[in-house]
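Written below as structure tokens is the structure these notes are about.
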Protein chains: 2
Amino acid sequence: MPKHAVVLLSGGMDSATCLALAKSEGFIVHALSFRYGQRHIAELEAATRVARAIGVAEHRIVTLDPAAFAGSALTGGGEVPKDRSDHDIGHGIPSTYVPARNTIFLAYALGYAEVLGAADVYIGINALDYSGYPDCRPEFIAAFESMARLATKAGVEGTGQLSIHSPLLHLTKAEIVRQGLRLGVDYGLTLTCYDPSPDGLACGHCDACTLRRKGFVEAGVVDPTRYV
Amino acid sequence: MPKHAVVLLSGGMDSATCLALAKSEGFIVHALSFRYGQRHIAELEAATRVARAIGVAEHRIVTLDPAAFAGSALTGGGEVPKDRSDHDIGHGIPSTYVPARNTIFLAYALGYAEVLGAADVYIGINALDYSGYPDCRPEFIAAFESMARLATKAGVEGTGQLSIHSPLLHLTKAEIVRQGLRLGVDYGLTLTCYDPSPDGLACGHCDACTLRRKGFVEAGVVDPTRYV
């Protein structure tokens, strides 16, 4: 019997690749996205396009109350850093950091998995080309998994061990691009930018755009991204 | 300099006691409540009364999108169990279980603490008179704390070790009542019931009411609860 998995889907290249990987591993995939703050609405549209193109059983979009995050750059506070070299990216914690974001995303994914009776959650974080976020580190994912196994009915009743899969964790952006292309991901549908234009074009200068460009260059593949 | 703490506040007797305890330990307290589903609106009114009576720096109420929890009794699905003996309560996982609830609550508390620069989070769960929820067990709290220390800027930068305090964990309901009365908690302001009437009276028959009644009887104190 095919098993179900919950996949966190931001609409960026990493989560799109992660969704394709989960599906290629035989799971019936359920995508989970979040609406929080203004800047990322274009990403949600991308997530919807990606979910449709890859083919999911369901795509839930959960609205996070911005009251909980008051005081953070991604939801409207500070400035998104621009034109940092990829050497600078990953050093220090950027102002785009949202407090406890991956903890909250994974907590919801855990709830959704439990509703589905699923024991598998996918998250497309990666630790090599990462952007300095504490909750993108392998040890964070391992700790979340340990916690999650104690948090749920399945853990208590011994009916299933929850697994948090982060298949991109040790890949470079170039390797992610190659994996995705092998699985047929259309990166033209994705949006990774922290500061897209109102019509959903990538800014080309934020940390996410810098890392994305570099990934396509290093993979030797044409970047289908539409930049401003 | 006084330190800040985030306290999860449902409006029930346990969280009210927990708030009073955090304050008595010298913290400037910030209460955090959640709006999810219909049944607990009266509890939020209780939380607001309690926060005001005990005195908090801020009381944030965060709305949880019910889309994330579809399929659970507390948000409108199944029946709330009635008139179970306190022997039955705690055996098996009740239908009032909300998937990953405490994980989600604590994840938000972690984000709020980080916004405040606070390193202390209080949750009023207890493991003795508990109701069979996997995420009310001591080992869950310990695992969440380990995860939280890896999830946050403070953890990475070494500026503060996050602590999850659960001071009621090993108390009986009677001991909770005695602690609260010593600190001046007005339990007449609280509401613990899983299935209150539209005007906020306790049903007197759900698991939460059964445990609450027992607590007051065993503490030898008059129960100020207004039952239907």
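FYI, nothing fancy with the structure tokens labels: chains A, B, ... in order, residues from 1 per chain, ligands from 1 as they appear.
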| request: Compile the residues of chain A that lie within 7 Å of chain B, evaluated using only C-alpha atoms, and express the compilation as a count of residues only. | output: 31
Chain B fitted onto chain A, all C-alpha pairs in order, as a PDB file with C-alpha atoms, in the first residue's frame:
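The new file part39.pdb reads:
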ATOM      1  CA  MET B   1      -0.012  -0.022  -0.009  1.00  0.00           C
ATOM      2  CA  PRO B   2       1.461   3.362  -0.921  1.00  0.00           C
ATOM      3  CA  LYS B   3       2.347   5.516   2.056  1.00  0.00           C
ATOM      4  CA  HIS B   4       1.543   9.165   2.552  1.00  0.00           C
ATOM      5  CA  ALA B   5       4.073  11.907   3.229  1.00  0.00           C
ATOM      6  CA  VAL B   6       3.775  15.583   4.105  1.00  0.00           C
ATOM      7  CA  VAL B   7       6.144  17.853   2.183  1.00  0.00           C
ATOM      8  CA  LEU B   8       6.807  21.458   3.198  1.00  0.00           C
ATOM      9  CA  LEU B   9       6.532  23.501   0.011  1.00  0.00           C
ATOM     10  CA  SER B  10       7.573  27.150  -0.092  1.00  0.00           C
ATOM     11  CA  GLY B  11       7.527  27.407  -3.869  1.00  0.00           C
ATOM     12  CA  GLY B  12      11.278  27.839  -4.031  1.00  0.00           C
ATOM     13  CA  MET B  13      13.688  25.608  -5.938  1.00  0.00           C
ATOM     14  CA  ASP B  14      14.718  23.575  -2.895  1.00  0.00           C
ATOM     15  CA  SER B  15      11.222  22.636  -1.743  1.00  0.00           C
ATOM     16  CA  ALA B  16      10.140  21.882  -5.339  1.00  0.00           C
ATOM     17  CA  THR B  17      13.066  19.492  -5.664  1.00  0.00           C
ATOM     18  CA  CYS B  18      12.224  17.964  -2.300  1.00  0.00           C
ATOM     19  CA  LEU B  19       8.611  17.394  -3.386  1.00  0.00           C
ATOM     20  CA  ALA B  20       9.758  15.689  -6.579  1.00  0.00           C
ATOM     21  CA  LEU B  21      12.160  13.502  -4.577  1.00  0.00           C
ATOM     22  CA  ALA B  22       9.442  12.443  -2.087  1.00  0.00           C
ATOM     23  CA  LYS B  23       7.186  11.516  -4.982  1.00  0.00           C
ATOM     24  CA  SER B  24       9.963   9.625  -6.757  1.00  0.00           C
ATOM     25  CA  GLU B  25      10.418   7.554  -3.586  1.00  0.00           C
ATOM     26  CA  GLY B  26       6.852   6.264  -3.980  1.00  0.00           C
ATOM     27  CA  PHE B  27       4.975   8.427  -1.484  1.00  0.00           C
ATOM     28  CA  ILE B  28       1.538   9.914  -2.037  1.00  0.00           C
ATOM     29  CA  VAL B  29       2.530  13.499  -1.370  1.00  0.00           C
ATOM     30  CA  HIS B  30       0.610  16.156   0.557  1.00  0.00           C
ATOM     31  CA  ALA B  31       2.074  19.641   0.204  1.00  0.00           C
ATOM     32  CA  LEU B  32       1.953  22.145   3.046  1.00  0.00           C
ATOM     33  CA  SER B  33       2.596  25.857   2.543  1.00  0.00           C
ATOM     34  CA  PHE B  34       2.273  28.891   4.798  1.00  0.00           C
ATOM     35  CA  ARG B  35       0.912  32.364   4.286  1.00  0.00           C
ATOM     36  CA  TYR B  36       2.687  34.818   6.585  1.00  0.00           C
ATOM     37  CA  GLY B  37       3.416  38.452   5.985  1.00  0.00           C
ATOM     38  CA  GLN B  38       3.277  40.189   2.626  1.00  0.00           C
ATOM     39  CA  ARG B  39       6.591  39.609   0.885  1.00  0.00           C
ATOM     40  CA  HIS B  40       6.099  35.979   0.067  1.00  0.00           C
ATOM     41  CA  ILE B  41       2.683  35.983  -1.609  1.00  0.00           C
ATOM     42  CA  ALA B  42       4.344  35.452  -4.990  1.00  0.00           C
ATOM     43  CA  GLU B  43       6.073  32.406  -3.503  1.00  0.00           C
ATOM     44  CA  LEU B  44       2.679  30.931  -2.602  1.00  0.00           C
ATOM     45  CA  GLU B  45       1.560  31.326  -6.190  1.00  0.00           C
ATOM     46  CA  ALA B  46       4.733  29.512  -7.179  1.00  0.00           C
ATOM     47  CA  ALA B  47       3.977  26.789  -4.605  1.00  0.00           C
ATOM     48  CA  THR B  48       0.530  26.302  -6.123  1.00  0.00           C
ATOM     49  CA  ARG B  49       2.026  26.027  -9.646  1.00  0.00           C
ATOM     50  CA  VAL B  50       4.672  23.576  -8.468  1.00  0.00           C
ATOM     51  CA  ALA B  51       2.194  21.407  -6.527  1.00  0.00           C
ATOM     52  CA  ARG B  52      -0.013  21.171  -9.605  1.00  0.00           C
ATOM     53  CA  ALA B  53       2.883  20.427 -11.974  1.00  0.00           C
ATOM     54  CA  ILE B  54       4.433  17.701  -9.814  1.00  0.00           C
ATOM     55  CA  GLY B  55       1.068  16.271  -8.764  1.00  0.00           C
ATOM     56  CA  VAL B  56       0.005  16.141  -5.114  1.00  0.00           C
ATOM     57  CA  ALA B  57      -2.940  14.493  -3.337  1.00  0.00           C
ATOM     58  CA  GLU B  58      -3.674  17.768  -1.537  1.00  0.00           C
ATOM     59  CA  HIS B  59      -2.044  21.165  -1.094  1.00  0.00           C
ATOM     60  CA  ARG B  60      -2.924  22.861   2.181  1.00  0.00           C
ATOM     61  CA  ILE B  61      -2.039  26.502   2.679  1.00  0.00           C
ATOM     62  CA  VAL B  62      -2.095  27.460   6.343  1.00  0.00           C
ATOM     63  CA  THR B  63      -2.256  31.105   7.357  1.00  0.00           C
ATOM     64  CA  LEU B  64       0.097  32.061  10.170  1.00  0.00           C
ATOM     65  CA  ASP B  65      -1.113  34.927  12.320  1.00  0.00           C
ATOM     66  CA  PRO B  66       1.514  37.686  11.906  1.00  0.00           C
ATOM     67  CA  ALA B  67       0.869  38.767  15.518  1.00  0.00           C
ATOM     68  CA  ALA B  68       3.127  35.914  16.527  1.00  0.00           C
ATOM     69  CA  PHE B  69       6.104  37.161  14.528  1.00  0.00           C
ATOM     70  CA  ALA B  70       6.079  40.911  15.134  1.00  0.00           C
ATOM     71  CA  GLY B  71       9.626  42.233  14.829  1.00  0.00           C
ATOM     72  CA  SER B  72      11.130  40.228  11.964  1.00  0.00           C
ATOM     73  CA  ALA B  73      12.377  41.279   8.507  1.00  0.00           C
ATOM     74  CA  LEU B  74      10.548  38.714   6.360  1.00  0.00           C
ATOM     75  CA  THR B  75       7.158  39.816   7.622  1.00  0.00           C
ATOM     76  CA  GLY B  76       7.723  43.475   6.953  1.00  0.00           C
ATOM     77  CA  GLY B  77      10.227  44.865   9.465  1.00  0.00           C
ATOM     78  CA  GLY B  78      13.858  45.382   8.379  1.00  0.00           C
ATOM     79  CA  GLU B  79      15.650  45.503   5.035  1.00  0.00           C
ATOM     80  CA  VAL B  80      16.437  42.404   2.975  1.00  0.00           C
ATOM     81  CA  PRO B  81      20.250  42.328   2.486  1.00  0.00           C
ATOM     82  CA  LYS B  82      21.308  42.766  -1.156  1.00  0.00           C
ATOM     83  CA  ASP B  83      24.305  41.781  -3.269  1.00  0.00           C
ATOM     84  CA  ARG B  84      26.182  39.937  -0.556  1.00  0.00           C
ATOM     85  CA  SER B  85      28.869  37.678  -1.973  1.00  0.00           C
ATOM     86  CA  ASP B  86      28.249  33.983  -1.519  1.00  0.00           C
ATOM     87  CA  HIS B  87      31.237  34.100   0.810  1.00  0.00           C
ATOM     88  CA  ASP B  88      29.368  36.455   3.166  1.00  0.00           C
ATOM     89  CA  ILE B  89      26.147  34.454   2.970  1.00  0.00           C
ATOM     90  CA  GLY B  90      26.110  31.944   5.767  1.00  0.00           C
ATOM     91  CA  HIS B  91      28.262  34.083   8.038  1.00  0.00           C
ATOM     92  CA  GLY B  92      26.191  35.640  10.760  1.00  0.00           C
ATOM     93  CA  ILE B  93      22.460  35.416  11.019  1.00  0.00           C
ATOM     94  CA  PRO B  94      20.715  37.625   8.465  1.00  0.00           C
ATOM     95  CA  SER B  95      17.931  40.065   9.230  1.00  0.00           C
ATOM     96  CA  THR B  96      15.571  37.954   7.110  1.00  0.00           C
ATOM     97  CA  TYR B  97      15.541  35.412   9.922  1.00  0.00           C
ATOM     98  CA  VAL B  98      12.018  34.611  11.166  1.00  0.00           C
ATOM     99  CA  PRO B  99      11.987  33.473  14.794  1.00  0.00           C
ATOM    100  CA  ALA B 100      11.438  29.734  15.146  1.00  0.00           C
ATOM    101  CA  ARG B 101      10.216  29.461  11.562  1.00  0.00           C
ATOM    102  CA  ASN B 102      11.223  25.916  10.734  1.00  0.00           C
ATOM    103  CA  THR B 103      10.159  24.794  14.200  1.00  0.00           C
ATOM    104  CA  ILE B 104       6.677  26.187  13.549  1.00  0.00           C
ATOM    105  CA  PHE B 105       6.530  24.817   9.994  1.00  0.00           C
ATOM    106  CA  LEU B 106       7.567  21.352  11.132  1.00  0.00           C
ATOM    107  CA  ALA B 107       5.151  21.465  14.076  1.00  0.00           C
ATOM    108  CA  TYR B 108       2.280  22.035  11.655  1.00  0.00           C
ATOM    109  CA  ALA B 109       3.613  19.327   9.357  1.00  0.00           C
ATOM    110  CA  LEU B 110       3.633  16.978  12.329  1.00  0.00           C
ATOM    111  CA  GLY B 111      -0.030  17.763  13.045  1.00  0.00           C
ATOM    112  CA  TYR B 112      -0.955  17.307   9.392  1.00  0.00           C
ATOM    113  CA  ALA B 113       0.944  13.998   9.238  1.00  0.00           C
ATOM    114  CA  GLU B 114      -0.925  12.775  12.279  1.00  0.00           C
ATOM    115  CA  VAL B 115      -4.289  13.689  10.732  1.00  0.00           C
ATOM    116  CA  LEU B 116      -3.283  11.709   7.628  1.00  0.00           C
ATOM    117  CA  GLY B 117      -1.820   8.809   9.579  1.00  0.00           C
ATOM    118  CA  ALA B 118       1.466   9.547   7.814  1.00  0.00           C
ATOM    119  CA  ALA B 119       4.852   8.895   9.410  1.00  0.00           C
ATOM    120  CA  ASP B 120       6.986  10.803   6.922  1.00  0.00           C
ATOM    121  CA  VAL B 121       7.668  14.518   6.680  1.00  0.00           C
ATOM    122  CA  TYR B 122       9.946  16.104   4.069  1.00  0.00           C
ATOM    123  CA  ILE B 123      11.685  19.453   4.391  1.00  0.00           C
ATOM    124  CA  GLY B 124      13.947  20.872   1.697  1.00  0.00           C
ATOM    125  CA  ILE B 125      16.525  22.585   3.876  1.00  0.00           C
ATOM    126  CA  ASN B 126      20.154  22.411   3.037  1.00  0.00           C
ATOM    127  CA  ALA B 127      23.189  22.932   5.181  1.00  0.00           C
ATOM    128  CA  LEU B 128      25.955  23.572   2.650  1.00  0.00           C
ATOM    129  CA  ASP B 129      24.703  26.532   0.684  1.00  0.00           C
ATOM    130  CA  TYR B 130      22.563  27.566   3.608  1.00  0.00           C
ATOM    131  CA  SER B 131      21.960  31.120   4.699  1.00  0.00           C
ATOM    132  CA  GLY B 132      23.026  31.154   8.316  1.00  0.00           C
ATOM    133  CA  TYR B 133      19.737  30.082   9.842  1.00  0.00           C
ATOM    134  CA  PRO B 134      20.152  28.013  13.021  1.00  0.00           C
ATOM    135  CA  ASP B 135      17.117  25.907  12.163  1.00  0.00           C
ATOM    136  CA  CYS B 136      18.652  24.735   8.868  1.00  0.00           C
ATOM    137  CA  ARG B 137      21.344  22.684  10.594  1.00  0.00           C
ATOM    138  CA  PRO B 138      21.410  18.874  10.607  1.00  0.00           C
ATOM    139  CA  GLU B 139      21.482  18.735  14.407  1.00  0.00           C
ATOM    140  CA  PHE B 140      18.295  20.774  14.555  1.00  0.00           C
ATOM    141  CA  ILE B 141      16.492  18.320  12.277  1.00  0.00           C
ATOM    142  CA  ALA B 142      17.721  15.349  14.311  1.00  0.00           C
ATOM    143  CA  ALA B 143      16.530  16.985  17.539  1.00  0.00           C
ATOM    144  CA  PHE B 144      13.153  17.819  16.010  1.00  0.00           C
ATOM    145  CA  GLU B 145      12.711  14.221  14.914  1.00  0.00           C
ATOM    146  CA  SER B 146      13.487  12.936  18.427  1.00  0.00           C
ATOM    147  CA  MET B 147      10.987  15.369  19.898  1.00  0.00           C
ATOM    148  CA  ALA B 148       8.334  14.521  17.284  1.00  0.00           C
ATOM    149  CA  ARG B 149       8.573  10.828  18.060  1.00  0.00           C
ATOM    150  CA  LEU B 150       7.606  11.617  21.662  1.00  0.00           C
ATOM    151  CA  ALA B 151       4.920  14.151  20.737  1.00  0.00           C
ATOM    152  CA  THR B 152       2.492  11.995  18.852  1.00  0.00           C
ATOM    153  CA  LYS B 153      -0.012   9.214  19.332  1.00  0.00           C
ATOM    154  CA  ALA B 154       1.992   7.020  16.977  1.00  0.00           C
ATOM    155  CA  GLY B 155       5.011   7.439  19.242  1.00  0.00           C
ATOM    156  CA  VAL B 156       3.004   6.463  22.352  1.00  0.00           C
ATOM    157  CA  GLU B 157       1.153   3.588  20.757  1.00  0.00           C
ATOM    158  CA  GLY B 158       4.182   2.341  18.861  1.00  0.00           C
ATOM    159  CA  THR B 159       2.289   2.277  15.582  1.00  0.00           C
ATOM    160  CA  GLY B 160       4.858   4.172  13.585  1.00  0.00           C
ATOM    161  CA  GLN B 161       8.097   6.049  14.038  1.00  0.00           C
ATOM    162  CA  LEU B 162       7.920   9.512  12.598  1.00  0.00           C
ATOM    163  CA  SER B 163      10.757  10.412  10.228  1.00  0.00           C
ATOM    164  CA  ILE B 164      11.830  13.882   9.183  1.00  0.00           C
ATOM    165  CA  HIS B 165      13.474  13.581   5.772  1.00  0.00           C
ATOM    166  CA  SER B 166      15.791  16.356   4.599  1.00  0.00           C
ATOM    167  CA  PRO B 167      17.210  14.875   1.393  1.00  0.00           C
ATOM    168  CA  LEU B 168      18.853  18.146   0.278  1.00  0.00           C
ATOM    169  CA  LEU B 169      20.693  18.662   3.541  1.00  0.00           C
ATOM    170  CA  HIS B 170      24.165  17.905   2.251  1.00  0.00           C
ATOM    171  CA  LEU B 171      23.734  18.883  -1.404  1.00  0.00           C
ATOM    172  CA  THR B 172      25.133  22.002  -3.036  1.00  0.00           C
ATOM    173  CA  LYS B 173      22.751  24.206  -4.989  1.00  0.00           C
ATOM    174  CA  ALA B 174      24.261  22.786  -8.194  1.00  0.00           C
ATOM    175  CA  GLU B 175      23.564  19.213  -7.057  1.00  0.00           C
ATOM    176  CA  ILE B 176      19.996  20.216  -6.155  1.00  0.00           C
ATOM    177  CA  VAL B 177      19.483  21.612  -9.663  1.00  0.00           C
ATOM    178  CA  ARG B 178      20.849  18.424 -11.244  1.00  0.00           C
ATOM    179  CA  GLN B 179      18.642  16.185  -9.043  1.00  0.00           C
ATOM    180  CA  GLY B 180      15.572  18.253  -9.868  1.00  0.00           C
ATOM    181  CA  LEU B 181      16.215  18.286 -13.610  1.00  0.00           C
ATOM    182  CA  ARG B 182      16.664  14.504 -13.544  1.00  0.00           C
ATOM    183  CA  LEU B 183      13.177  14.276 -11.949  1.00  0.00           C
ATOM    184  CA  GLY B 184      11.647  16.720 -14.410  1.00  0.00           C
ATOM    185  CA  VAL B 185      11.227  19.719 -12.098  1.00  0.00           C
ATOM    186  CA  ASP B 186      10.396  22.861 -14.067  1.00  0.00           C
ATOM    187  CA  TYR B 187      12.390  25.498 -12.198  1.00  0.00           C
ATOM    188  CA  GLY B 188      10.701  28.180 -14.268  1.00  0.00           C
ATOM    189  CA  LEU B 189       7.655  27.623 -12.020  1.00  0.00           C
ATOM    190  CA  THR B 190       9.559  28.216  -8.785  1.00  0.00           C
ATOM    191  CA  LEU B 191      10.390  31.417  -6.955  1.00  0.00           C
ATOM    192  CA  THR B 192      13.136  31.614  -4.347  1.00  0.00           C
ATOM    193  CA  CYS B 193      13.598  35.370  -3.968  1.00  0.00           C
ATOM    194  CA  TYR B 194      13.233  37.054  -0.556  1.00  0.00           C
ATOM    195  CA  ASP B 195      12.091  40.306  -2.160  1.00  0.00           C
ATOM    196  CA  PRO B 196      10.147  39.640  -5.377  1.00  0.00           C
ATOM    197  CA  SER B 197       8.505  42.405  -7.421  1.00  0.00           C
ATOM    198  CA  PRO B 198       4.708  42.777  -7.145  1.00  0.00           C
ATOM    199  CA  ASP B 199       4.301  40.700 -10.312  1.00  0.00           C
ATOM    200  CA  GLY B 200       6.445  37.886  -8.895  1.00  0.00           C
ATOM    201  CA  LEU B 201       9.804  38.489 -10.587  1.00  0.00           C
ATOM    202  CA  ALA B 202      12.954  37.679  -8.636  1.00  0.00           C
ATOM    203  CA  CYS B 203      15.036  40.670  -7.485  1.00  0.00           C
ATOM    204  CA  GLY B 204      18.312  39.001  -8.448  1.00  0.00           C
ATOM    205  CA  HIS B 205      20.202  40.540  -5.525  1.00  0.00           C
ATOM    206  CA  CYS B 206      19.027  39.024  -2.239  1.00  0.00           C
ATOM    207  CA  ASP B 207      20.895  36.109  -0.647  1.00  0.00           C
ATOM    208  CA  ALA B 208      18.405  33.596  -2.040  1.00  0.00           C
ATOM    209  CA  CYS B 209      18.810  34.921  -5.609  1.00  0.00           C
ATOM    210  CA  THR B 210      22.597  34.950  -5.257  1.00  0.00           C
ATOM    211  CA  LEU B 211      22.672  31.307  -4.158  1.00  0.00           C
ATOM    212  CA  ARG B 212      20.184  30.299  -6.838  1.00  0.00           C
ATOM    213  CA  ARG B 213      22.153  31.928  -9.667  1.00  0.00           C
ATOM    214  CA  LYS B 214      25.328  30.300  -8.438  1.00  0.00           C
ATOM    215  CA  GLY B 215      23.610  26.900  -8.410  1.00  0.00           C
ATOM    216  CA  PHE B 216      22.585  27.117 -12.043  1.00  0.00           C
ATOM    217  CA  VAL B 217      26.000  28.431 -13.114  1.00  0.00           C
ATOM    218  CA  GLU B 218      27.787  25.607 -11.296  1.00  0.00           C
ATOM    219  CA  ALA B 219      25.363  22.999 -12.655  1.00  0.00           C
ATOM    220  CA  GLY B 220      26.086  24.348 -16.139  1.00  0.00           C
ATOM    221  CA  VAL B 221      22.375  24.776 -16.787  1.00  0.00           C
ATOM    222  CA  VAL B 222      20.441  27.775 -18.056  1.00  0.00           C
ATOM    223  CA  ASP B 223      18.635  29.525 -15.198  1.00  0.00           C
ATOM    224  CA  PRO B 224      14.947  29.822 -16.179  1.00  0.00           C
ATOM    225  CA  THR B 225      14.309  32.423 -13.463  1.00  0.00           C
ATOM    226  CA  ARG B 226      12.667  35.636 -14.616  1.00  0.00           C
ATOM    227  CA  TYR B 227      14.582  38.402 -12.856  1.00  0.00           C
ATOM    228  CA  VAL B 228      13.406  42.016 -12.596  1.00  0.00           C
TER     229      VAL B 228
END
